[in-house]
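One file, my_file_11.cif, is given below (mmCIF, N, CA and C atoms).
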```cif
data_start
#
loop_
_atom_site.label_atom_id
_atom_site.label_comp_id
_atom_site.auth_asym_id
_atom_site.auth_seq_id
_atom_site.Cartn_x
_atom_site.Cartn_y
_atom_site.Cartn_z
N MET W 1 12.60 13.42 9.63
CA MET W 1 11.61 12.49 9.09
C MET W 1 11.08 13.06 7.78
N ILE W 2 11.01 12.23 6.77
CA ILE W 2 10.47 12.60 5.47
C ILE W 2 9.02 12.14 5.41
N HIS W 3 8.13 12.99 4.96
CA HIS W 3 6.71 12.66 4.82
C HIS W 3 6.34 12.73 3.34
N VAL W 4 5.68 11.68 2.86
CA VAL W 4 5.25 11.64 1.47
C VAL W 4 3.77 11.26 1.43
N MET W 5 3.10 11.62 0.34
CA MET W 5 1.68 11.33 0.23
C MET W 5 1.29 11.36 -1.23
N ALA W 6 0.37 10.48 -1.58
CA ALA W 6 -0.28 10.51 -2.89
C ALA W 6 -1.75 10.19 -2.65
N SER W 7 -2.60 10.70 -3.53
CA SER W 7 -4.03 10.41 -3.42
C SER W 7 -4.62 10.33 -4.82
N SER W 8 -5.78 9.72 -4.87
CA SER W 8 -6.44 9.55 -6.16
C SER W 8 -7.91 9.24 -5.93
N VAL W 9 -8.67 9.28 -7.00
CA VAL W 9 -10.06 8.84 -6.98
C VAL W 9 -10.13 7.59 -7.84
N ILE W 10 -10.67 6.54 -7.26
CA ILE W 10 -10.84 5.28 -7.99
C ILE W 10 -12.33 5.14 -8.33
N PRO W 11 -12.64 4.97 -9.60
CA PRO W 11 -14.05 4.88 -10.00
C PRO W 11 -14.66 3.51 -9.69
N ALA W 12 -14.73 3.24 -8.39
CA ALA W 12 -15.33 1.99 -7.89
C ALA W 12 -15.79 2.26 -6.47
N SER W 13 -16.72 1.46 -6.00
CA SER W 13 -17.25 1.66 -4.65
C SER W 13 -16.20 1.36 -3.60
N LEU W 14 -16.36 1.97 -2.44
CA LEU W 14 -15.43 1.74 -1.34
C LEU W 14 -15.34 0.25 -0.96
N PRO W 15 -16.45 -0.48 -0.84
CA PRO W 15 -16.32 -1.90 -0.49
C PRO W 15 -15.49 -2.69 -1.52
N SER W 16 -15.60 -2.34 -2.79
CA SER W 16 -14.83 -3.03 -3.82
C SER W 16 -13.33 -2.77 -3.67
N VAL W 17 -12.97 -1.51 -3.42
CA VAL W 17 -11.56 -1.15 -3.26
C VAL W 17 -11.03 -1.74 -1.95
N TRP W 18 -11.80 -1.64 -0.89
CA TRP W 18 -11.38 -2.14 0.42
C TRP W 18 -11.12 -3.64 0.39
N ARG W 19 -11.91 -4.36 -0.34
CA ARG W 19 -11.73 -5.81 -0.46
C ARG W 19 -10.31 -6.15 -0.92
N LEU W 20 -9.74 -5.36 -1.81
CA LEU W 20 -8.38 -5.59 -2.29
C LEU W 20 -7.31 -5.04 -1.34
N VAL W 21 -7.53 -3.84 -0.84
CA VAL W 21 -6.51 -3.16 -0.03
C VAL W 21 -6.35 -3.79 1.35
N ARG W 22 -7.42 -4.25 1.97
CA ARG W 22 -7.36 -4.72 3.36
C ARG W 22 -6.59 -6.02 3.52
N ASN W 23 -6.50 -6.81 2.47
CA ASN W 23 -5.84 -8.11 2.56
C ASN W 23 -4.32 -7.91 2.43
N PHE W 24 -3.63 -8.05 3.54
CA PHE W 24 -2.20 -7.73 3.62
C PHE W 24 -1.35 -8.60 2.68
N ASP W 25 -1.84 -9.78 2.33
CA ASP W 25 -1.03 -10.62 1.44
C ASP W 25 -1.45 -10.51 -0.02
N ALA W 26 -2.34 -9.58 -0.35
CA ALA W 26 -2.79 -9.40 -1.73
C ALA W 26 -2.04 -8.28 -2.45
N LEU W 27 -1.04 -7.71 -1.82
CA LEU W 27 -0.30 -6.58 -2.40
C LEU W 27 0.21 -6.89 -3.81
N GLY W 28 0.65 -8.11 -4.03
CA GLY W 28 1.19 -8.49 -5.33
C GLY W 28 0.17 -8.39 -6.45
N ARG W 29 -1.08 -8.40 -6.09
CA ARG W 29 -2.13 -8.29 -7.11
C ARG W 29 -2.26 -6.86 -7.64
N TRP W 30 -1.99 -5.86 -6.78
CA TRP W 30 -2.27 -4.49 -7.21
C TRP W 30 -1.10 -3.51 -7.10
N LEU W 31 0.09 -3.98 -6.70
CA LEU W 31 1.26 -3.09 -6.70
C LEU W 31 2.19 -3.54 -7.82
N PRO W 32 2.33 -2.72 -8.87
CA PRO W 32 3.22 -3.10 -9.96
C PRO W 32 4.65 -3.35 -9.47
N GLY W 33 5.30 -4.31 -10.07
CA GLY W 33 6.69 -4.62 -9.71
C GLY W 33 6.85 -5.71 -8.67
N VAL W 34 5.74 -6.15 -8.07
CA VAL W 34 5.82 -7.21 -7.06
C VAL W 34 5.87 -8.56 -7.77
N ARG W 35 6.92 -9.32 -7.48
CA ARG W 35 7.05 -10.67 -8.04
C ARG W 35 6.31 -11.69 -7.19
N SER W 36 6.36 -11.50 -5.86
CA SER W 36 5.64 -12.40 -4.96
C SER W 36 5.38 -11.67 -3.65
N CYS W 37 4.36 -12.14 -2.95
CA CYS W 37 3.98 -11.56 -1.66
C CYS W 37 3.35 -12.67 -0.84
N VAL W 38 3.99 -13.03 0.27
CA VAL W 38 3.49 -14.10 1.13
C VAL W 38 3.58 -13.68 2.59
N ILE W 39 2.63 -14.18 3.36
CA ILE W 39 2.65 -13.95 4.81
C ILE W 39 3.53 -15.01 5.44
N GLU W 40 4.43 -14.59 6.32
CA GLU W 40 5.30 -15.54 7.01
C GLU W 40 4.50 -16.30 8.06
N GLY W 41 4.91 -17.53 8.31
CA GLY W 41 4.25 -18.33 9.34
C GLY W 41 2.84 -18.71 8.92
N ASN W 42 2.01 -18.89 9.89
CA ASN W 42 0.62 -19.31 9.63
C ASN W 42 -0.39 -18.20 9.85
N GLU W 43 0.06 -16.95 9.82
CA GLU W 43 -0.84 -15.82 10.05
C GLU W 43 -1.74 -15.61 8.83
N SER W 44 -2.88 -14.99 9.07
CA SER W 44 -3.77 -14.63 7.97
C SER W 44 -3.43 -13.21 7.51
N GLY W 45 -3.93 -12.85 6.33
CA GLY W 45 -3.65 -11.54 5.76
C GLY W 45 -4.34 -10.38 6.44
N ASP W 46 -5.12 -10.65 7.47
CA ASP W 46 -5.76 -9.55 8.20
C ASP W 46 -5.43 -9.59 9.69
N HIS W 47 -4.37 -10.32 10.06
CA HIS W 47 -3.96 -10.41 11.46
C HIS W 47 -2.93 -9.34 11.77
N VAL W 48 -3.28 -8.40 12.67
CA VAL W 48 -2.34 -7.35 13.06
C VAL W 48 -1.11 -8.03 13.68
N GLY W 49 0.05 -7.63 13.23
CA GLY W 49 1.30 -8.24 13.65
C GLY W 49 1.87 -9.15 12.58
N ALA W 50 1.06 -9.52 11.58
CA ALA W 50 1.52 -10.40 10.51
C ALA W 50 2.69 -9.74 9.77
N ILE W 51 3.60 -10.57 9.31
CA ILE W 51 4.75 -10.12 8.52
C ILE W 51 4.57 -10.65 7.10
N ARG W 52 4.69 -9.75 6.13
CA ARG W 52 4.66 -10.21 4.75
C ARG W 52 6.05 -10.03 4.14
N LEU W 53 6.38 -10.96 3.28
CA LEU W 53 7.63 -10.93 2.55
C LEU W 53 7.29 -10.59 1.11
N VAL W 54 7.76 -9.43 0.68
CA VAL W 54 7.46 -8.92 -0.66
C VAL W 54 8.74 -8.96 -1.49
N GLU W 55 8.66 -9.62 -2.62
CA GLU W 55 9.79 -9.63 -3.54
C GLU W 55 9.50 -8.64 -4.66
N MET W 56 10.32 -7.60 -4.71
CA MET W 56 10.17 -6.56 -5.72
C MET W 56 11.24 -6.74 -6.79
N GLY W 57 10.86 -6.54 -8.02
CA GLY W 57 11.79 -6.74 -9.12
C GLY W 57 13.02 -5.86 -9.06
N ASP W 58 12.87 -4.63 -8.60
CA ASP W 58 14.01 -3.69 -8.64
C ASP W 58 14.77 -3.56 -7.33
N VAL W 59 14.21 -4.01 -6.21
CA VAL W 59 14.92 -3.82 -4.92
C VAL W 59 15.06 -5.09 -4.10
N GLY W 60 14.61 -6.21 -4.61
CA GLY W 60 14.75 -7.46 -3.86
C GLY W 60 13.66 -7.64 -2.83
N LEU W 61 14.04 -8.24 -1.70
CA LEU W 61 13.07 -8.60 -0.66
C LEU W 61 12.83 -7.47 0.33
N ILE W 62 11.57 -7.33 0.70
CA ILE W 62 11.17 -6.36 1.72
C ILE W 62 10.27 -7.10 2.71
N ARG W 63 10.56 -6.97 3.99
CA ARG W 63 9.69 -7.54 5.03
C ARG W 63 8.90 -6.39 5.65
N GLU W 64 7.58 -6.55 5.69
CA GLU W 64 6.70 -5.52 6.22
C GLU W 64 5.80 -6.13 7.28
N GLN W 65 5.48 -5.32 8.29
CA GLN W 65 4.61 -5.78 9.37
C GLN W 65 3.32 -4.98 9.39
N LEU W 66 2.20 -5.70 9.49
CA LEU W 66 0.89 -5.06 9.60
C LEU W 66 0.74 -4.51 11.03
N LEU W 67 0.58 -3.20 11.15
CA LEU W 67 0.49 -2.56 12.46
C LEU W 67 -0.95 -2.28 12.88
N ALA W 68 -1.81 -1.99 11.91
CA ALA W 68 -3.21 -1.69 12.23
C ALA W 68 -4.06 -1.96 11.00
N LEU W 69 -5.29 -2.40 11.26
CA LEU W 69 -6.25 -2.66 10.19
C LEU W 69 -7.62 -2.31 10.75
N SER W 70 -8.30 -1.35 10.10
CA SER W 70 -9.61 -0.92 10.58
C SER W 70 -10.65 -1.04 9.48
N ASP W 71 -11.61 -1.95 9.70
CA ASP W 71 -12.73 -2.07 8.77
C ASP W 71 -13.74 -0.94 8.96
N VAL W 72 -13.65 -0.21 10.07
CA VAL W 72 -14.52 0.94 10.32
C VAL W 72 -13.98 2.17 9.60
N ASP W 73 -12.69 2.43 9.77
CA ASP W 73 -12.06 3.60 9.15
C ASP W 73 -11.52 3.32 7.74
N HIS W 74 -11.56 2.05 7.33
CA HIS W 74 -11.03 1.64 6.03
C HIS W 74 -9.59 2.12 5.87
N ALA W 75 -8.75 1.67 6.81
CA ALA W 75 -7.35 2.07 6.82
C ALA W 75 -6.47 0.88 7.21
N VAL W 76 -5.31 0.81 6.59
CA VAL W 76 -4.32 -0.20 6.90
C VAL W 76 -2.98 0.50 7.10
N THR W 77 -2.29 0.15 8.19
CA THR W 77 -1.00 0.75 8.51
C THR W 77 0.04 -0.35 8.65
N PHE W 78 1.19 -0.12 8.05
CA PHE W 78 2.26 -1.11 8.13
C PHE W 78 3.62 -0.42 8.16
N SER W 79 4.63 -1.20 8.54
CA SER W 79 6.00 -0.68 8.58
C SER W 79 6.92 -1.62 7.82
N ILE W 80 8.03 -1.08 7.39
CA ILE W 80 9.07 -1.91 6.79
C ILE W 80 9.97 -2.37 7.93
N VAL W 81 10.12 -3.67 8.04
CA VAL W 81 10.95 -4.27 9.08
C VAL W 81 12.38 -4.47 8.57
N GLU W 82 12.48 -4.82 7.29
CA GLU W 82 13.79 -5.13 6.71
C GLU W 82 13.70 -4.88 5.21
N SER W 83 14.73 -4.23 4.65
CA SER W 83 14.69 -3.90 3.22
C SER W 83 16.06 -3.47 2.73
N ALA W 84 16.29 -3.64 1.44
CA ALA W 84 17.50 -3.12 0.81
C ALA W 84 17.34 -1.64 0.43
N LEU W 85 16.10 -1.14 0.53
CA LEU W 85 15.88 0.28 0.25
C LEU W 85 16.65 1.13 1.26
N PRO W 86 17.15 2.28 0.83
CA PRO W 86 17.89 3.14 1.75
C PRO W 86 16.95 3.98 2.63
N VAL W 87 16.07 3.29 3.36
CA VAL W 87 15.16 3.96 4.30
C VAL W 87 15.17 3.21 5.62
N ARG W 88 14.82 3.91 6.66
CA ARG W 88 14.63 3.28 7.97
C ARG W 88 13.46 3.96 8.65
N ASN W 89 12.88 3.25 9.60
CA ASN W 89 11.71 3.75 10.33
C ASN W 89 10.55 4.10 9.39
N TYR W 90 10.38 3.29 8.35
CA TYR W 90 9.30 3.52 7.39
C TYR W 90 7.98 3.06 8.00
N ARG W 91 7.00 3.91 7.90
CA ARG W 91 5.64 3.61 8.36
C ARG W 91 4.68 4.22 7.36
N SER W 92 3.63 3.48 7.06
CA SER W 92 2.76 3.91 5.98
C SER W 92 1.31 3.58 6.31
N THR W 93 0.39 4.44 5.85
CA THR W 93 -1.04 4.19 6.02
C THR W 93 -1.75 4.43 4.69
N ILE W 94 -2.56 3.44 4.32
CA ILE W 94 -3.43 3.58 3.15
C ILE W 94 -4.84 3.71 3.71
N SER W 95 -5.54 4.78 3.33
CA SER W 95 -6.90 4.99 3.84
C SER W 95 -7.84 5.30 2.68
N LEU W 96 -9.09 4.90 2.89
CA LEU W 96 -10.13 5.08 1.89
C LEU W 96 -11.29 5.88 2.47
N LEU W 97 -11.92 6.67 1.62
CA LEU W 97 -13.14 7.39 1.97
C LEU W 97 -14.13 7.26 0.82
N PRO W 98 -15.42 7.12 1.13
CA PRO W 98 -16.40 7.06 0.04
C PRO W 98 -16.63 8.44 -0.56
N ILE W 99 -16.82 8.47 -1.85
CA ILE W 99 -17.29 9.68 -2.53
C ILE W 99 -18.74 9.38 -2.87
N THR W 100 -19.63 9.94 -2.10
CA THR W 100 -21.04 9.55 -2.16
C THR W 100 -21.76 10.05 -3.42
N LYS W 101 -21.27 11.11 -4.02
CA LYS W 101 -21.93 11.66 -5.20
C LYS W 101 -22.02 10.65 -6.33
N ASN W 102 -20.96 9.84 -6.51
CA ASN W 102 -20.94 8.93 -7.65
C ASN W 102 -20.47 7.51 -7.30
N ASP W 103 -20.45 7.19 -6.01
CA ASP W 103 -20.06 5.86 -5.54
C ASP W 103 -18.63 5.49 -5.96
N HIS W 104 -17.75 6.48 -5.93
CA HIS W 104 -16.34 6.27 -6.18
C HIS W 104 -15.61 6.26 -4.84
N THR W 105 -14.29 6.06 -4.88
CA THR W 105 -13.50 5.98 -3.64
C THR W 105 -12.31 6.92 -3.71
N PHE W 106 -12.13 7.69 -2.67
CA PHE W 106 -10.93 8.50 -2.50
C PHE W 106 -9.93 7.63 -1.77
N ILE W 107 -8.72 7.50 -2.32
CA ILE W 107 -7.67 6.71 -1.69
C ILE W 107 -6.47 7.62 -1.42
N GLN W 108 -5.89 7.44 -0.25
CA GLN W 108 -4.72 8.23 0.14
C GLN W 108 -3.69 7.28 0.75
N TRP W 109 -2.44 7.44 0.33
CA TRP W 109 -1.34 6.64 0.88
C TRP W 109 -0.32 7.62 1.42
N ARG W 110 -0.13 7.57 2.73
CA ARG W 110 0.84 8.43 3.40
C ARG W 110 1.98 7.57 3.91
N GLY W 111 3.19 8.07 3.77
CA GLY W 111 4.35 7.37 4.30
C GLY W 111 5.27 8.34 5.01
N GLN W 112 6.01 7.80 5.94
CA GLN W 112 7.05 8.59 6.59
C GLN W 112 8.24 7.68 6.84
N PHE W 113 9.43 8.25 6.72
CA PHE W 113 10.65 7.45 6.86
C PHE W 113 11.84 8.38 7.03
N GLU W 114 12.94 7.78 7.39
CA GLU W 114 14.22 8.47 7.42
C GLU W 114 15.09 7.86 6.33
N ALA W 115 15.97 8.68 5.78
CA ALA W 115 16.87 8.20 4.73
C ALA W 115 18.20 8.95 4.85
N PRO W 116 19.28 8.29 4.47
CA PRO W 116 20.57 9.00 4.45
C PRO W 116 20.48 10.20 3.51
N VAL W 117 21.21 11.24 3.82
CA VAL W 117 21.16 12.49 3.07
C VAL W 117 21.30 12.25 1.57
N GLU W 118 22.21 11.35 1.19
CA GLU W 118 22.46 11.12 -0.24
C GLU W 118 21.30 10.41 -0.96
N HIS W 119 20.36 9.85 -0.21
CA HIS W 119 19.21 9.16 -0.82
C HIS W 119 17.87 9.84 -0.51
N ALA W 120 17.87 10.83 0.36
CA ALA W 120 16.62 11.43 0.84
C ALA W 120 15.76 11.98 -0.30
N ALA W 121 16.33 12.79 -1.16
CA ALA W 121 15.54 13.42 -2.23
C ALA W 121 15.00 12.37 -3.20
N SER W 122 15.81 11.40 -3.57
CA SER W 122 15.34 10.40 -4.54
C SER W 122 14.24 9.52 -3.93
N MET W 123 14.36 9.16 -2.66
CA MET W 123 13.33 8.35 -2.03
C MET W 123 12.06 9.15 -1.81
N GLU W 124 12.20 10.42 -1.48
CA GLU W 124 11.03 11.29 -1.30
C GLU W 124 10.26 11.41 -2.62
N ALA W 125 10.96 11.47 -3.73
CA ALA W 125 10.31 11.56 -5.04
C ALA W 125 9.77 10.20 -5.48
N ARG W 126 10.48 9.12 -5.17
CA ARG W 126 10.12 7.78 -5.65
C ARG W 126 8.83 7.26 -5.04
N MET W 127 8.66 7.39 -3.74
CA MET W 127 7.52 6.77 -3.07
C MET W 127 6.17 7.18 -3.69
N PRO W 128 5.85 8.47 -3.77
CA PRO W 128 4.52 8.81 -4.30
C PRO W 128 4.37 8.59 -5.80
N THR W 129 5.43 8.77 -6.58
CA THR W 129 5.30 8.71 -8.03
C THR W 129 5.55 7.33 -8.63
N GLN W 130 6.44 6.55 -8.03
CA GLN W 130 6.79 5.25 -8.60
C GLN W 130 6.20 4.07 -7.83
N ILE W 131 5.64 4.33 -6.66
CA ILE W 131 5.04 3.24 -5.88
C ILE W 131 3.56 3.51 -5.63
N TYR W 132 3.23 4.60 -4.96
CA TYR W 132 1.85 4.84 -4.56
C TYR W 132 0.92 5.05 -5.75
N GLN W 133 1.26 6.00 -6.64
CA GLN W 133 0.36 6.31 -7.76
C GLN W 133 0.18 5.12 -8.71
N PRO W 134 1.24 4.41 -9.08
CA PRO W 134 1.03 3.22 -9.92
C PRO W 134 0.13 2.17 -9.25
N ALA W 135 0.19 2.08 -7.94
CA ALA W 135 -0.70 1.15 -7.22
C ALA W 135 -2.15 1.59 -7.38
N PHE W 136 -2.42 2.88 -7.26
CA PHE W 136 -3.79 3.38 -7.44
C PHE W 136 -4.28 3.09 -8.86
N ASP W 137 -3.40 3.33 -9.83
CA ASP W 137 -3.77 3.09 -11.22
C ASP W 137 -4.09 1.62 -11.45
N ARG W 138 -3.30 0.73 -10.86
CA ARG W 138 -3.53 -0.71 -11.02
C ARG W 138 -4.84 -1.13 -10.33
N LEU W 139 -5.11 -0.59 -9.15
CA LEU W 139 -6.38 -0.89 -8.48
C LEU W 139 -7.55 -0.49 -9.37
N ALA W 140 -7.47 0.69 -9.96
CA ALA W 140 -8.55 1.16 -10.84
C ALA W 140 -8.70 0.24 -12.05
N GLU W 141 -7.58 -0.23 -12.63
CA GLU W 141 -7.63 -1.16 -13.77
C GLU W 141 -8.31 -2.47 -13.38
N ILE W 142 -7.90 -3.02 -12.24
CA ILE W 142 -8.47 -4.30 -11.78
C ILE W 142 -9.98 -4.16 -11.59
N LEU W 143 -10.39 -3.11 -10.91
CA LEU W 143 -11.81 -2.93 -10.59
C LEU W 143 -12.62 -2.62 -11.85
N ALA W 144 -12.03 -1.91 -12.80
CA ALA W 144 -12.73 -1.63 -14.07
C ALA W 144 -12.93 -2.93 -14.85
N SER W 145 -11.92 -3.79 -14.83
CA SER W 145 -12.05 -5.05 -15.57
C SER W 145 -13.07 -5.98 -14.89
N GLU W 146 -13.14 -5.94 -13.56
CA GLU W 146 -14.15 -6.74 -12.85
C GLU W 146 -15.55 -6.25 -13.20
N THR W 147 -15.72 -4.94 -13.31
CA THR W 147 -17.02 -4.36 -13.66
C THR W 147 -17.41 -4.75 -15.09
N THR W 148 -16.43 -4.74 -15.98
CA THR W 148 -16.67 -5.11 -17.37
C THR W 148 -17.09 -6.57 -17.50
N LEU W 149 -16.47 -7.42 -16.66
CA LEU W 149 -16.78 -8.85 -16.72
C LEU W 149 -18.14 -9.19 -16.10
N SER W 150 -18.65 -8.30 -15.24
CA SER W 150 -19.93 -8.59 -14.56
C SER W 150 -21.11 -8.43 -15.47
#
```
Serialized structure, structure tokens:
Amino acid sequence: MIHVMASSVIPASLPSVWRLVRNFDALGRWLPGVRSCVIEGNESGDHVGAIRLVEMGDVGLIREQLLALSDVDHAVTFSIVESALPVRNYRSTISLLPITKNDHTFIQWRGQFEAPVEHAASMEARMPTQIYQPAFDRLAEILASETTLS
């Protein structure tokens, strides 16, 4: 099993960041490279068990299932059900913690998966640097622009 992780500080309050992260069908708003993101069926974006269909520009369609959502712990866990990515048994958790000194948010995205030997190193490097960190940067941009507009 390969374990990957990225973390960052977002200069926005935890409730502001959580509002974007907790909504399972809002991924397209804050993950660069997403062309579309929709929940299958009539499920809501906060229903555990919901399946989202994510169309990524570079890898095509990915189906992900919401496994856990905690408004107390400010954490969302999901798995990849189907994907063209060379990974299997992918499971991921995004969690938030308040930084009380300045009302910022610590965000951490952990993932674990298996990959064929020929893809293991590239996928281990790709997840935190090309997916997780750009998502944090985009969240910070969105929240900074909302603050500017207020």
Pick from W:Asp25, W:Glu146, W:Asp46, W:Glu114 nearest to W:Val87, counting only N, CA and C atoms
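The answer is W:Glu114, which sits nearest to W:Val87.
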To verify the selection step, state as a PyMOL selection string which residues the PyMOL selection byres ((chain W and resi 91) around 6) yields on this input.
chain W and resi 78-80+89-90+92-93+110-113
Would you list, as an MDAnalysis selection string, the residues of chain W that end up in alpha helix (DSSP H) under DSSP run on this structure's backbone?
chainID W and resid 14:21 27:30 117:126 133:149
Would you list the contacts of W:Val81 as a list in words, taking every protein, DNA or RNA residue within 6 Å and counting only N, CA and C atoms, but skipping same-chain residues closer than 5 positions in sequence?
Arg63, Glu64 and Gln65 of chain W
File dump, residues just selected, N, CA and C atoms, as a compact mmCIF listing (two decimals), in the coordinates of the input:
```txt
# COMPACT_ATOMS: atom_id res chain seq x y z
N ARG W 63 10.56 -6.97 3.99
CA ARG W 63 9.69 -7.54 5.03
C ARG W 63 8.90 -6.39 5.65
N GLU W 64 7.58 -6.55 5.69
CA GLU W 64 6.70 -5.52 6.22
C GLU W 64 5.80 -6.13 7.28
N GLN W 65 5.48 -5.32 8.29
CA GLN W 65 4.61 -5.78 9.37
C GLN W 65 3.32 -4.98 9.39
```
Using the chain letters and numbers from this file, what does the PyMOL selection byres ((chain W and resi 55-62) around 6) select? Give the answer as an MDAnalysis selection string.
chainID W and resid 33:37 52:54 63:64 82:84
Any idea what the distance is between atom C of W:Phe136 and atom CA of W:Glu124?
18.9 Å
Missing atoms in stretch 57-75 of chain W need filling: write out N, CA, C and O atoms for it as a tab-separated table (two decimals), keeping the file's coordinate frame.
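Produced file rebuild_21.tsv, reproduced below:
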```
chain	number	residue	atom	x	y	z
W	57	GLY	N	10.86	-6.54	-8.02
W	57	GLY	CA	11.79	-6.74	-9.12
W	57	GLY	C	13.02	-5.86	-9.06
W	57	GLY	O	14.11	-6.30	-9.39
W	58	ASP	N	12.87	-4.63	-8.60
W	58	ASP	CA	14.01	-3.69	-8.64
W	58	ASP	C	14.77	-3.56	-7.33
W	58	ASP	O	15.88	-3.04	-7.33
W	59	VAL	N	14.21	-4.01	-6.21
W	59	VAL	CA	14.92	-3.82	-4.92
W	59	VAL	C	15.06	-5.09	-4.10
W	59	VAL	O	15.57	-5.05	-2.99
W	60	GLY	N	14.61	-6.21	-4.61
W	60	GLY	CA	14.75	-7.46	-3.86
W	60	GLY	C	13.66	-7.64	-2.83
W	60	GLY	O	12.52	-7.24	-3.02
W	61	LEU	N	14.04	-8.24	-1.70
W	61	LEU	CA	13.07	-8.60	-0.66
W	61	LEU	C	12.83	-7.47	0.33
W	61	LEU	O	13.77	-6.79	0.74
W	62	ILE	N	11.57	-7.33	0.70
W	62	ILE	CA	11.17	-6.36	1.72
W	62	ILE	C	10.27	-7.10	2.71
W	62	ILE	O	9.33	-7.78	2.30
W	63	ARG	N	10.56	-6.97	3.99
W	63	ARG	CA	9.69	-7.54	5.03
W	63	ARG	C	8.90	-6.39	5.65
W	63	ARG	O	9.48	-5.39	6.07
W	64	GLU	N	7.58	-6.55	5.69
W	64	GLU	CA	6.70	-5.52	6.22
W	64	GLU	C	5.80	-6.13	7.28
W	64	GLU	O	5.40	-7.29	7.17
W	65	GLN	N	5.48	-5.32	8.29
W	65	GLN	CA	4.61	-5.78	9.37
W	65	GLN	C	3.32	-4.98	9.39
W	65	GLN	O	3.34	-3.74	9.33
W	66	LEU	N	2.20	-5.70	9.49
W	66	LEU	CA	0.89	-5.06	9.60
W	66	LEU	C	0.74	-4.51	11.03
W	66	LEU	O	0.79	-5.27	12.00
W	67	LEU	N	0.58	-3.20	11.15
W	67	LEU	CA	0.49	-2.56	12.46
W	67	LEU	C	-0.95	-2.28	12.88
W	67	LEU	O	-1.27	-2.30	14.06
W	68	ALA	N	-1.81	-1.99	11.91
W	68	ALA	CA	-3.21	-1.69	12.23
W	68	ALA	C	-4.06	-1.96	11.00
W	68	ALA	O	-3.62	-1.76	9.87
W	69	LEU	N	-5.29	-2.40	11.26
W	69	LEU	CA	-6.25	-2.66	10.19
W	69	LEU	C	-7.62	-2.31	10.75
W	69	LEU	O	-8.05	-2.86	11.76
W	70	SER	N	-8.30	-1.35	10.10
W	70	SER	CA	-9.61	-0.92	10.58
W	70	SER	C	-10.65	-1.04	9.48
W	70	SER	O	-10.59	-0.32	8.47
W	71	ASP	N	-11.61	-1.95	9.70
W	71	ASP	CA	-12.73	-2.07	8.77
W	71	ASP	C	-13.74	-0.94	8.96
W	71	ASP	O	-14.57	-0.72	8.10
W	72	VAL	N	-13.65	-0.21	10.07
W	72	VAL	CA	-14.52	0.94	10.32
W	72	VAL	C	-13.98	2.17	9.60
W	72	VAL	O	-14.71	2.86	8.88
W	73	ASP	N	-12.69	2.43	9.77
W	73	ASP	CA	-12.06	3.60	9.15
W	73	ASP	C	-11.52	3.32	7.74
W	73	ASP	O	-11.04	4.23	7.08
W	74	HIS	N	-11.56	2.05	7.33
W	74	HIS	CA	-11.03	1.64	6.03
W	74	HIS	C	-9.59	2.12	5.87
W	74	HIS	O	-9.25	2.86	4.94
W	75	ALA	N	-8.75	1.67	6.81
W	75	ALA	CA	-7.35	2.07	6.82
W	75	ALA	C	-6.47	0.88	7.21
W	75	ALA	O	-6.86	0.06	8.04
```
